[in-house]
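Student: So here's query_24.pdb, just PDB, C-alpha atoms:
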```pdb
ATOM      1  CA  MET P   1     108.750 113.188  79.801
ATOM      2  CA  ALA P   2     109.550 110.661  82.529
ATOM      3  CA  THR P   3     106.629 108.482  83.525
ATOM      4  CA  SER P   4     105.649 107.071  86.905
ATOM      5  CA  SER P   5     103.949 104.033  85.375
ATOM      6  CA  LEU P   6     105.497 100.744  86.433
ATOM      7  CA  PRO P   7     106.925  98.025  84.150
ATOM      8  CA  PRO P   8     105.492  94.475  84.125
ATOM      9  CA  ALA P   9     106.591  92.148  86.923
ATOM     10  CA  PRO P  10     109.292  89.554  86.221
ATOM     11  CA  ALA P  11     108.525  85.840  86.400
ATOM     12  CA  ARG P  12     110.785  85.214  89.396
ATOM     13  CA  LEU P  13     112.501  86.977  92.298
ATOM     14  CA  VAL P  14     116.026  86.034  91.240
ATOM     15  CA  HIS P  15     117.659  86.168  87.820
ATOM     16  CA  GLU P  16     119.452  83.114  86.433
ATOM     17  CA  ARG P  17     122.786  84.604  87.518
ATOM     18  CA  GLY P  18     121.635  84.584  91.158
ATOM     19  CA  ILE P  19     121.010  88.360  91.274
ATOM     20  CA  PRO P  20     117.692  89.679  92.662
ATOM     21  CA  ALA P  21     115.357  91.225  90.091
ATOM     22  CA  PHE P  22     115.248  94.501  91.997
ATOM     23  CA  GLY P  23     112.532  96.939  90.961
ATOM     24  CA  SER P  24     108.969  98.133  91.413
ATOM     25  CA  TYR P  25     106.467  96.572  89.046
ATOM     26  CA  ARG P  26     102.818  96.055  88.145
ATOM     27  CA  GLY P  27     101.658  92.465  88.090
ATOM     28  CA  VAL P  28     102.515  89.311  90.005
ATOM     29  CA  VAL P  29     105.867  87.577  90.446
ATOM     30  CA  ALA P  30     104.909  83.963  89.844
ATOM     31  CA  GLN P  31     107.843  82.263  91.585
ATOM     32  CA  LEU P  32     108.406  83.520  95.126
ATOM     33  CA  SER P  33     111.594  81.613  95.891
ATOM     34  CA  TRP P  34     114.959  82.922  97.091
ATOM     35  CA  HIS P  35     116.820  79.616  96.617
ATOM     36  CA  ALA P  36     118.675  80.789  93.495
ATOM     37  CA  LEU P  37     119.980  83.899  95.289
ATOM     38  CA  ARG P  38     123.775  84.033  95.428
ATOM     39  CA  MET P  39     125.012  84.696  98.972
ATOM     40  CA  PRO P  40     128.145  83.963 101.035
ATOM     41  CA  ALA P  41     128.123  80.496 102.618
ATOM     42  CA  ILE P  42     127.510  81.824 106.134
ATOM     43  CA  ARG P  43     124.437  83.715 104.935
ATOM     44  CA  GLN P  44     123.147  80.599 103.221
ATOM     45  CA  LEU P  45     123.298  78.824 106.582
ATOM     46  CA  LEU P  46     121.511  81.678 108.363
ATOM     47  CA  ARG P  47     118.872  82.213 105.679
ATOM     48  CA  PRO P  48     116.098  80.126 107.337
ATOM     49  CA  LEU P  49     116.279  82.348 110.431
ATOM     50  CA  HIS P  50     116.009  85.515 108.334
ATOM     51  CA  HIS P  51     113.215  84.346 106.037
ATOM     52  CA  LYS P  52     110.064  86.310 106.972
ATOM     53  CA  ARG P  53     106.657  85.854 105.318
ATOM     54  CA  TRP P  54     103.211  87.200 106.036
ATOM     55  CA  GLN P  55      99.753  87.577 104.572
ATOM     56  CA  TYR P  56      97.622  90.504 105.723
ATOM     57  CA  ALA P  57      94.105  91.601 104.856
ATOM     58  CA  ALA P  58      92.265  94.792 105.752
ATOM     59  CA  LEU P  59      88.500  95.254 105.460
ATOM     60  CA  ALA P  60      87.374  98.873 105.697
ATOM     61  CA  HIS P  61      83.705  99.765 106.204
ATOM     62  CA  GLU P  62      81.821 102.888 107.234
ATOM     63  CA  HIS P  63      80.929 101.200 110.545
ATOM     64  CA  TYR P  64      83.989  99.049 111.306
ATOM     65  CA  PHE P  65      87.529  98.083 110.342
ATOM     66  CA  ILE P  66      88.925  94.528 110.379
ATOM     67  CA  GLY P  67      92.600  93.598 110.262
ATOM     68  CA  VAL P  68      93.962  90.046 110.076
ATOM     69  CA  ALA P  69      97.391  88.498 109.460
ATOM     70  CA  VAL P  70      99.271  85.207 109.448
ATOM     71  CA  VAL P  71     103.034  85.588 110.002
ATOM     72  CA  ASP P  72     106.002  83.198 109.777
ATOM     73  CA  VAL P  73     109.341  84.690 110.860
ATOM     74  CA  GLY P  74     111.425  81.531 110.488
ATOM     75  CA  TRP P  75     111.756  80.304 114.043
ATOM     76  CA  ILE P  76     108.336  81.306 115.364
ATOM     77  CA  SER P  77     104.957  82.126 113.865
ATOM     78  CA  SER P  78     102.019  84.273 114.902
ATOM     79  CA  ALA P  79      98.614  85.512 113.871
ATOM     80  CA  PHE P  80      96.218  88.260 114.819
ATOM     81  CA  ALA P  81      92.713  89.402 113.974
ATOM     82  CA  TYR P  82      90.661  92.301 115.267
ATOM     83  CA  VAL P  83      87.428  94.202 114.679
ATOM     84  CA  PHE P  84      87.336  97.921 115.417
ATOM     85  CA  ASP P  85      83.976  99.655 115.883
ATOM     86  CA  ARG P  86      84.329 103.080 114.259
ATOM     87  CA  HIS P  87      81.298 104.589 115.992
ATOM     88  CA  GLN P  88      82.123 103.438 119.506
ATOM     89  CA  ARG P  89      85.847 103.853 118.775
ATOM     90  CA  THR P  90      86.741 100.617 120.499
ATOM     91  CA  LEU P  91      87.833  97.084 119.673
ATOM     92  CA  LEU P  92      84.884  94.713 119.478
ATOM     93  CA  ALA P  93      87.193  91.705 119.187
ATOM     94  CA  SER P  94      90.913  91.054 119.326
ATOM     95  CA  PHE P  95      92.786  87.769 118.879
ATOM     96  CA  SER P  96      96.540  87.200 118.964
ATOM     97  CA  ALA P  97      98.588  84.019 119.351
ATOM     98  CA  ASP P  98     102.064  82.596 118.726
ATOM     99  CA  GLY P  99     103.029  79.131 117.557
ATOM    100  CA  LEU P 100     105.791  77.005 116.101
ATOM    101  CA  PRO P 101     106.470  77.359 112.375
ATOM    102  CA  LEU P 102     105.486  74.383 110.211
ATOM    103  CA  LEU P 103     103.372  73.058 113.090
ATOM    104  CA  ALA P 104     101.164  76.127 113.646
ATOM    105  CA  THR P 105     101.647  77.987 110.379
ATOM    106  CA  GLN P 106     101.891  77.234 106.684
ATOM    107  CA  ILE P 107     102.291  80.051 104.154
ATOM    108  CA  GLU P 108     102.397  79.336 100.453
ATOM    109  CA  ASN P 109     105.192  80.951  98.445
ATOM    110  CA  ARG P 110     102.669  82.642  96.180
ATOM    111  CA  ALA P 111     101.237  86.144  96.206
ATOM    112  CA  PHE P 112      97.767  86.104  97.782
ATOM    113  CA  GLY P 113      97.986  82.343  98.212
ATOM    114  CA  ASP P 114      97.141  79.918 101.002
ATOM    115  CA  ALA P 115      98.155  80.853 104.541
ATOM    116  CA  THR P 116      97.022  79.114 107.720
ATOM    117  CA  PHE P 117      97.564  79.519 111.451
ATOM    118  CA  GLN P 118      96.139  77.024 113.926
ATOM    119  CA  ARG P 119      96.717  76.544 117.610
ATOM    120  CA  GLY P 120      94.241  74.190 119.217
ATOM    121  CA  LYS P 121      90.769  75.210 118.094
ATOM    122  CA  GLN P 122      91.887  78.736 117.177
ATOM    123  CA  ARG P 123      92.274  78.995 113.404
ATOM    124  CA  ILE P 124      92.826  81.658 110.737
ATOM    125  CA  ALA P 125      93.019  80.549 107.107
ATOM    126  CA  PHE P 126      93.419  82.193 103.706
ATOM    127  CA  ARG P 127      92.598  79.841 100.817
ATOM    128  CA  ARG P 128      93.092  80.637  97.134
ATOM    129  CA  ALA P 129      90.104  79.609  95.037
ATOM    130  CA  ASP P 130      89.776  80.603  91.368
ATOM    131  CA  ASN P 131      89.480  84.399  91.238
ATOM    132  CA  ARG P 132      89.060  84.975  94.953
ATOM    133  CA  LEU P 133      90.768  84.556  98.298
ATOM    134  CA  GLU P 134      88.625  82.872 100.932
ATOM    135  CA  LEU P 135      89.291  84.075 104.470
ATOM    136  CA  THR P 136      87.944  82.185 107.473
ATOM    137  CA  ILE P 137      88.494  82.983 111.134
ATOM    138  CA  ASN P 138      87.366  80.661 113.895
ATOM    139  CA  THR P 139      88.537  81.928 117.279
ATOM    140  CA  ASP P 140      86.873  82.440 120.623
ATOM    141  CA  ALA P 141      86.826  86.210 120.051
ATOM    142  CA  LEU P 142      85.866  86.332 116.377
ATOM    143  CA  LYS P 143      84.199  84.246 113.700
ATOM    144  CA  LEU P 144      84.468  85.391 110.072
ATOM    145  CA  ALA P 145      83.821  84.031 106.586
ATOM    146  CA  ALA P 146      84.729  86.235 103.633
ATOM    147  CA  HIS P 147      85.265  86.038  99.884
ATOM    148  CA  ILE P 148      87.781  88.647  98.702
ATOM    149  CA  ALA P 149      88.097  89.289  94.967
ATOM    150  CA  LEU P 150      91.671  88.927  93.726
ATOM    151  CA  PRO P 151      93.209  92.033  92.157
ATOM    152  CA  MET P 152      93.760  92.392  88.437
ATOM    153  CA  PRO P 153      97.468  91.925  87.604
ATOM    154  CA  GLU P 154      97.799  95.420  86.159
ATOM    155  CA  GLN P 155      96.502  96.890  89.432
ATOM    156  CA  THR P 156      98.798  94.808  91.660
ATOM    157  CA  LEU P 157     101.971  96.382  93.056
ATOM    158  CA  ALA P 158     104.941  93.984  93.084
ATOM    159  CA  VAL P 159     108.252  95.068  94.592
ATOM    160  CA  ILE P 160     111.633  93.351  94.894
ATOM    161  CA  ALA P 161     114.054  95.539  96.798
ATOM    162  CA  PRO P 162     117.280  95.500  98.794
ATOM    163  CA  ALA P 163     116.466  95.126 102.480
ATOM    164  CA  ASN P 164     118.328  95.508 105.744
ATOM    165  CA  TRP P 165     119.740  91.954 105.617
ATOM    166  CA  GLN P 166     119.470  90.817 102.013
ATOM    167  CA  ALA P 167     116.298  91.373  99.966
ATOM    168  CA  HIS P 168     112.534  91.569 100.329
ATOM    169  CA  ALA P 169     109.516  91.140  98.068
ATOM    170  CA  THR P 170     105.973  92.328  98.557
ATOM    171  CA  HIS P 171     102.687  92.403  96.671
ATOM    172  CA  LYS P 172     100.030  94.986  97.517
ATOM    173  CA  SER P 173      96.526  95.221  96.123
ATOM    174  CA  SER P 174      94.250  98.135  95.360
ATOM    175  CA  ALA P 175      90.594  98.244  96.502
ATOM    176  CA  LEU P 176      88.905  94.835  96.312
ATOM    177  CA  ALA P 177      85.287  93.721  96.583
ATOM    178  CA  VAL P 178      84.384  91.536  99.561
ATOM    179  CA  SER P 179      81.329  89.624 100.759
ATOM    180  CA  GLY P 180      80.539  87.560 103.832
ATOM    181  CA  PHE P 181      79.980  88.122 107.545
ATOM    182  CA  ALA P 182      81.726  88.450 110.895
ATOM    183  CA  GLU P 183      80.451  87.574 114.359
ATOM    184  CA  CYS P 184      81.858  89.025 117.570
ATOM    185  CA  ALA P 185      80.681  90.536 120.853
ATOM    186  CA  GLY P 186      77.195  89.172 120.246
ATOM    187  CA  GLN P 187      76.909  90.989 116.903
ATOM    188  CA  ARG P 188      76.727  89.791 113.306
ATOM    189  CA  LEU P 189      78.345  92.176 110.832
ATOM    190  CA  SER P 190      77.713  92.034 107.112
ATOM    191  CA  LEU P 191      80.868  92.506 105.031
ATOM    192  CA  ASP P 192      78.868  93.719 102.044
ATOM    193  CA  GLY P 193      79.947  97.231 101.165
ATOM    194  CA  ALA P 194      83.370  96.868 102.748
ATOM    195  CA  ILE P 195      86.587  97.522 100.800
ATOM    196  CA  ALA P 196      89.331  94.929 101.130
ATOM    197  CA  SER P 197      93.060  95.253 100.486
ATOM    198  CA  LEU P 198      95.814  92.632 100.645
ATOM    199  CA  ASP P 199      99.509  92.516 101.541
ATOM    200  CA  ALA P 200     101.613  89.424 100.800
ATOM    201  CA  SER P 201     105.274  89.772 101.790
ATOM    202  CA  ASN P 202     108.245  87.416 101.531
ATOM    203  CA  GLY P 203     111.837  88.359 102.261
ATOM    204  CA  LEU P 204     115.176  87.963 103.991
ATOM    205  CA  LEU P 205     115.209  90.579 106.726
ATOM    206  CA  ALA P 206     117.547  91.670 109.496
ATOM    207  CA  ARG P 207     117.113  90.676 113.109
ATOM    208  CA  GLU P 208     115.952  94.213 113.926
ATOM    209  CA  THR P 209     113.523  95.810 111.481
ATOM    210  CA  ARG P 210     111.531  99.055 111.731
ATOM    211  CA  TRP P 211     108.941 100.679 109.524
ATOM    212  CA  ARG P 212     106.139 103.215 109.305
ATOM    213  CA  TRP P 213     103.284 102.470 106.946
ATOM    214  CA  ALA P 214     100.047 103.974 105.652
ATOM    215  CA  SER P 215      97.381 102.355 103.491
ATOM    216  CA  ALA P 216      93.845 103.239 102.431
ATOM    217  CA  HIS P 217      91.775 102.400  99.366
ATOM    218  CA  SER P 218      88.546 103.192  97.558
ATOM    219  CA  PRO P 219      87.450 102.157  94.054
ATOM    220  CA  ALA P 220      88.606 105.544  92.719
ATOM    221  CA  LEU P 221      91.936 105.968  94.509
ATOM    222  CA  GLY P 222      94.277 104.494  97.072
ATOM    223  CA  PHE P 223      97.837 104.470  98.329
ATOM    224  CA  ASN P 224     100.553 102.357  99.947
ATOM    225  CA  LEU P 225     103.324 104.312 101.669
ATOM    226  CA  GLN P 226     106.269 103.088 103.732
ATOM    227  CA  ALA P 227     109.346 104.528 105.401
ATOM    228  CA  GLY P 228     111.816 102.007 106.739
ATOM    229  CA  TYR P 229     113.608  98.898 105.594
ATOM    230  CA  MET P 230     112.464  99.092 101.928
ATOM    231  CA  GLY P 231     113.125 102.785 101.435
ATOM    232  CA  ASP P 232     110.659 104.220  98.909
ATOM    233  CA  ALA P 233     110.467 101.086  96.719
ATOM    234  CA  GLU P 234     106.863 100.210  97.645
ATOM    235  CA  ASN P 235     105.480 103.749  97.659
ATOM    236  CA  ALA P 236     102.641 103.881  95.153
ATOM    237  CA  ILE P 237      99.220 105.343  94.487
ATOM    238  CA  TRP P 238      96.225 104.097  92.524
ATOM    239  CA  LEU P 239      94.243 106.713  90.570
ATOM    240  CA  ASP P 240      91.240 105.618  88.484
ATOM    241  CA  GLY P 241      92.718 102.125  88.262
ATOM    242  CA  GLU P 242      96.190 103.333  87.227
ATOM    243  CA  LEU P 243      99.127 102.207  89.390
ATOM    244  CA  LEU P 244     101.823 104.863  89.786
ATOM    245  CA  ALA P 245     105.108 105.094  91.697
ATOM    246  CA  VAL P 246     105.736 108.004  94.076
ATOM    247  CA  GLY P 247     108.751 109.300  95.985
ATOM    248  CA  PRO P 248     110.065 108.873  99.532
ATOM    249  CA  ALA P 249     107.427 109.281 102.231
ATOM    250  CA  HIS P 250     107.679 111.170 105.501
ATOM    251  CA  PHE P 251     105.552 110.447 108.567
ATOM    252  CA  ARG P 252     105.125 113.289 111.050
ATOM    253  CA  TYR P 253     103.446 112.046 114.230
ATOM    254  CA  ASP P 254     103.877 111.877 117.986
ATOM    255  CA  ALA P 255     105.261 108.429 118.803
ATOM    256  CA  ALA P 256     104.295 108.938 122.449
ATOM    257  CA  ASN P 257     100.738 109.775 121.413
ATOM    258  CA  PRO P 258      99.956 107.941 118.155
ATOM    259  CA  LEU P 259      96.257 108.860 118.415
ATOM    260  CA  ALA P 260      97.137 112.508 117.761
ATOM    261  CA  PRO P 261      96.862 113.613 114.092
ATOM    262  CA  TRP P 262      99.508 112.445 111.613
ATOM    263  CA  HIS P 263     100.862 114.278 108.564
ATOM    264  CA  ILE P 264     102.158 112.164 105.678
ATOM    265  CA  HIS P 265     103.719 113.545 102.522
ATOM    266  CA  THR P 266     106.151 112.542  99.773
ATOM    267  CA  ASP P 267     109.229 114.383  98.568
ATOM    268  CA  ASP P 268     107.841 114.734  95.043
ATOM    269  CA  GLY P 269     104.722 116.581  96.274
ATOM    270  CA  VAL P 270     102.385 113.872  94.967
ATOM    271  CA  VAL P 271     101.036 112.909  98.397
ATOM    272  CA  ASP P 272      99.904 115.339 101.093
ATOM    273  CA  LEU P 273      97.627 113.767 103.704
ATOM    274  CA  GLN P 274      96.336 114.369 107.196
ATOM    275  CA  PHE P 275      95.418 111.269 109.174
ATOM    276  CA  SER P 276      92.911 111.477 112.031
ATOM    277  CA  PRO P 277      93.035 108.352 114.234
ATOM    278  CA  GLU P 278      89.804 107.014 115.717
ATOM    279  CA  GLY P 279      91.475 104.299 117.765
ATOM    280  CA  ALA P 280      94.189 101.684 117.484
ATOM    281  CA  ARG P 281      95.181  98.083 117.847
ATOM    282  CA  GLY P 282      98.576  97.700 119.500
ATOM    283  CA  GLU P 283     100.758  95.006 120.972
ATOM    284  CA  ASN P 284     104.031  94.828 122.860
ATOM    285  CA  LYS P 285     105.724  91.438 123.098
ATOM    286  CA  ASP P 286     108.969  90.477 124.798
ATOM    287  CA  LEU P 287     109.940  86.840 124.205
ATOM    288  CA  PHE P 288     113.469  87.296 125.623
ATOM    289  CA  ILE P 289     115.267  86.539 122.353
ATOM    290  CA  ALA P 290     112.678  88.440 120.341
ATOM    291  CA  ALA P 291     110.484  91.479 120.760
ATOM    292  CA  SER P 292     107.796  93.413 118.945
ATOM    293  CA  ARG P 293     106.411  96.886 119.496
ATOM    294  CA  TYR P 294     103.501  97.572 117.226
ATOM    295  CA  ILE P 295     100.670 100.035 116.953
ATOM    296  CA  GLN P 296      98.185 100.301 114.095
ATOM    297  CA  PRO P 297      95.918 103.334 114.392
ATOM    298  CA  ILE P 298      92.642 103.178 112.468
ATOM    299  CA  GLY P 299      91.092 106.369 111.131
ATOM    300  CA  THR P 300      90.521 108.576 108.108
ATOM    301  CA  PHE P 301      92.759 110.346 105.609
ATOM    302  CA  THR P 302      92.042 113.769 104.133
ATOM    303  CA  GLY P 303      94.200 115.658 101.670
ATOM    304  CA  THR P 304      95.359 115.423  98.066
ATOM    305  CA  LEU P 305      96.957 112.980  95.662
ATOM    306  CA  ILE P 306      98.410 114.475  92.488
ATOM    307  CA  HIS P 307      98.896 112.457  89.319
ATOM    308  CA  PRO P 308     102.703 112.533  88.963
ATOM    309  CA  ASP P 309     102.580 112.807  85.173
ATOM    310  CA  SER P 310      99.474 114.857  84.340
ATOM    311  CA  GLY P 311      99.461 117.042  87.460
ATOM    312  CA  ARG P 312      95.752 116.449  88.026
ATOM    313  CA  ALA P 313      94.767 116.735  91.700
ATOM    314  CA  TYR P 314      92.585 114.057  93.314
ATOM    315  CA  PRO P 315      90.966 115.119  96.595
ATOM    316  CA  VAL P 316      90.993 112.593  99.441
ATOM    317  CA  SER P 317      88.130 112.998 101.906
ATOM    318  CA  GLN P 318      87.500 110.852 104.989
ATOM    319  CA  LEU P 319      89.083 107.785 103.403
ATOM    320  CA  VAL P 320      89.169 104.922 105.911
ATOM    321  CA  GLY P 321      92.528 103.237 106.451
ATOM    322  CA  VAL P 322      95.439 102.662 108.792
ATOM    323  CA  THR P 323      98.881 103.841 109.704
ATOM    324  CA  GLU P 324     101.465 101.744 111.502
ATOM    325  CA  ASP P 325     104.564 102.162 113.644
ATOM    326  CA  HIS P 326     106.348  98.820 113.987
ATOM    327  CA  TYR P 327     109.599  97.631 115.528
ATOM    328  CA  ALA P 328     110.485  93.934 115.360
ATOM    329  CA  LYS P 329     113.403  92.049 116.832
ATOM    330  CA  TRP P 330     112.939  88.717 115.118
TER     331      TRP P 330
END
```
Starting from the file, lay out its structure as structure tokens.
Tutor:
Amino acid sequence: MATSSLPPAPARLVHERGIPAFGSYRGVVAQLSWHALRMPAIRQLLRPLHHKRWQYAALAHEHYFIGVAVVDVGWISSAFAYVFDRHQRTLLASFSADGLPLLATQIENRAFGDATFQRGKQRIAFRRADNRLELTINTDALKLAAHIALPMPEQTLAVIAPANWQAHATHKSSALAVSGFAECAGQRLSLDGAIASLDASNGLLARETRWRWASAHSPALGFNLQAGYMGDAENAIWLDGELLAVGPAHFRYDAANPLAPWHIHTDDGVVDLQFSPEGARGENKDLFIAASRYIQPIGTFTGTLIHPDSGRAYPVSQLVGVTEDHYAKW
């Protein structure tokens, strides 16, 4: 019988012959470098403009949801952080800024490694320390200090896949323990009891890139689903600590009203979820030569995940997470 378990991750993104090590894996790709990739000379020249990297963290709690990212798209960099109050259904804090790469942003070519954005006194930093990732935010809108436990290799999703320009790699975590605090809007929030998840991505992407995405995690189960530039390569579920691949995902939602309910399912019948948004963080940017249209609804998922090999059904009930509809011209 075919299995949906994933093979161990390779040591590097590119084989010795200059061919990407395409596949979906469990574990961590140690060397996140595209330099050995064989490409036509013109693409080699353009590669710095197509190299996109980001580090994202989500902290889900019964009372709030926090999202934070540091992004380097080659010729410009950016960062954002927000706190969403799930009871009041409003943003308590929201920070967003752009800066010059190298000057404002440094992102380590390592999964769940160091990543920093700083513009003036506004700073967001991920720092790798032993078995944890330390996240600090010091902005006018939000102060945060968190310790996020790093995922076990066997529970880490690693993907190297063809993309819309050349190739892309991503690492996604399952549910992670977190401790610390956040301060915003005159409130101090304890991070104890929150569930963290991480996304570290590094690839060579086209000037125009679109995707839909859904992610939510608990200690017992979780999922990462995408439709867009990576196809179904990063679609996976976590069931009782086991990482399993699933099929192509479909997102049924009203793009004109993203706070209406969503329906998300996979072709293989493994995933069938209803998403009920509670609110959203969105942003529309037009920088003349670049643009971004982005909305990330926050809410809860209800439905069923089915183990693709055993057929056992796992009910999903009010699981806190996000969906995303993103268009980037970068």
Student: Would you please work out which residue, of P:Trp75, P:Trp54, P:Tyr64, P:Phe112, is nearest to Thr90 in chain P when using only C-alpha atoms?
Tutor: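 When distances to Thr90 in chain P are compared using only C-alpha atoms, the smallest one comes from P:Tyr64.
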Student: What box, with edges along x, y and z, holds each listed atom of range 245-263 of chain P when 6 Å is added on every side, and can you state its centre and edge lengths in Å to one decimal, as AutoDock Vina command-line options?
Tutor:
```
--center_x 103.2 --center_y 109.7 --center_z 107.1 --size_x 25.8 --size_y 21.2 --size_z 42.8
```
Student: Please enumerate the residues selected by the PyMOL selection byres ((chain P and resi 4-6) around 10) when evaluated against the supplied file, formatted as a PyMOL selection string.
Tutor: chain P and resi 1-3+7-9+23-27+154+157-158+236+242-247+307-309
Student: Given the choices P:Ser78, P:Thr300, P:Gln118, P:Ser197, which gets closest to Gln318 in chain P if the distance is worked out from all atoms listed in the file?
Tutor: P:Thr300
Student: Please evaluate the PyMOL selection byres ((chain P and resi 18) around 6) against the structure above and give the resulting residues as a ChimeraX atom specification.
Tutor: /P:14-17,19,36-38
Student: Would you save the residues of that selection, restricted to C-alpha atoms, as an mmCIF file, in the frame of the given file?
Tutor:
```cif
data_model
loop_
_atom_site.group_PDB
_atom_site.id
_atom_site.type_symbol
_atom_site.label_atom_id
_atom_site.label_comp_id
_atom_site.auth_asym_id
_atom_site.auth_seq_id
_atom_site.Cartn_x
_atom_site.Cartn_y
_atom_site.Cartn_z
ATOM 1 C CA VAL P 14 116.026 86.034 91.240
ATOM 2 C CA HIS P 15 117.659 86.168 87.820
ATOM 3 C CA GLU P 16 119.452 83.114 86.433
ATOM 4 C CA ARG P 17 122.786 84.604 87.518
ATOM 5 C CA ILE P 19 121.010 88.360 91.274
ATOM 6 C CA ALA P 36 118.675 80.789 93.495
ATOM 7 C CA LEU P 37 119.980 83.899 95.289
ATOM 8 C CA ARG P 38 123.775 84.033 95.428
#
```
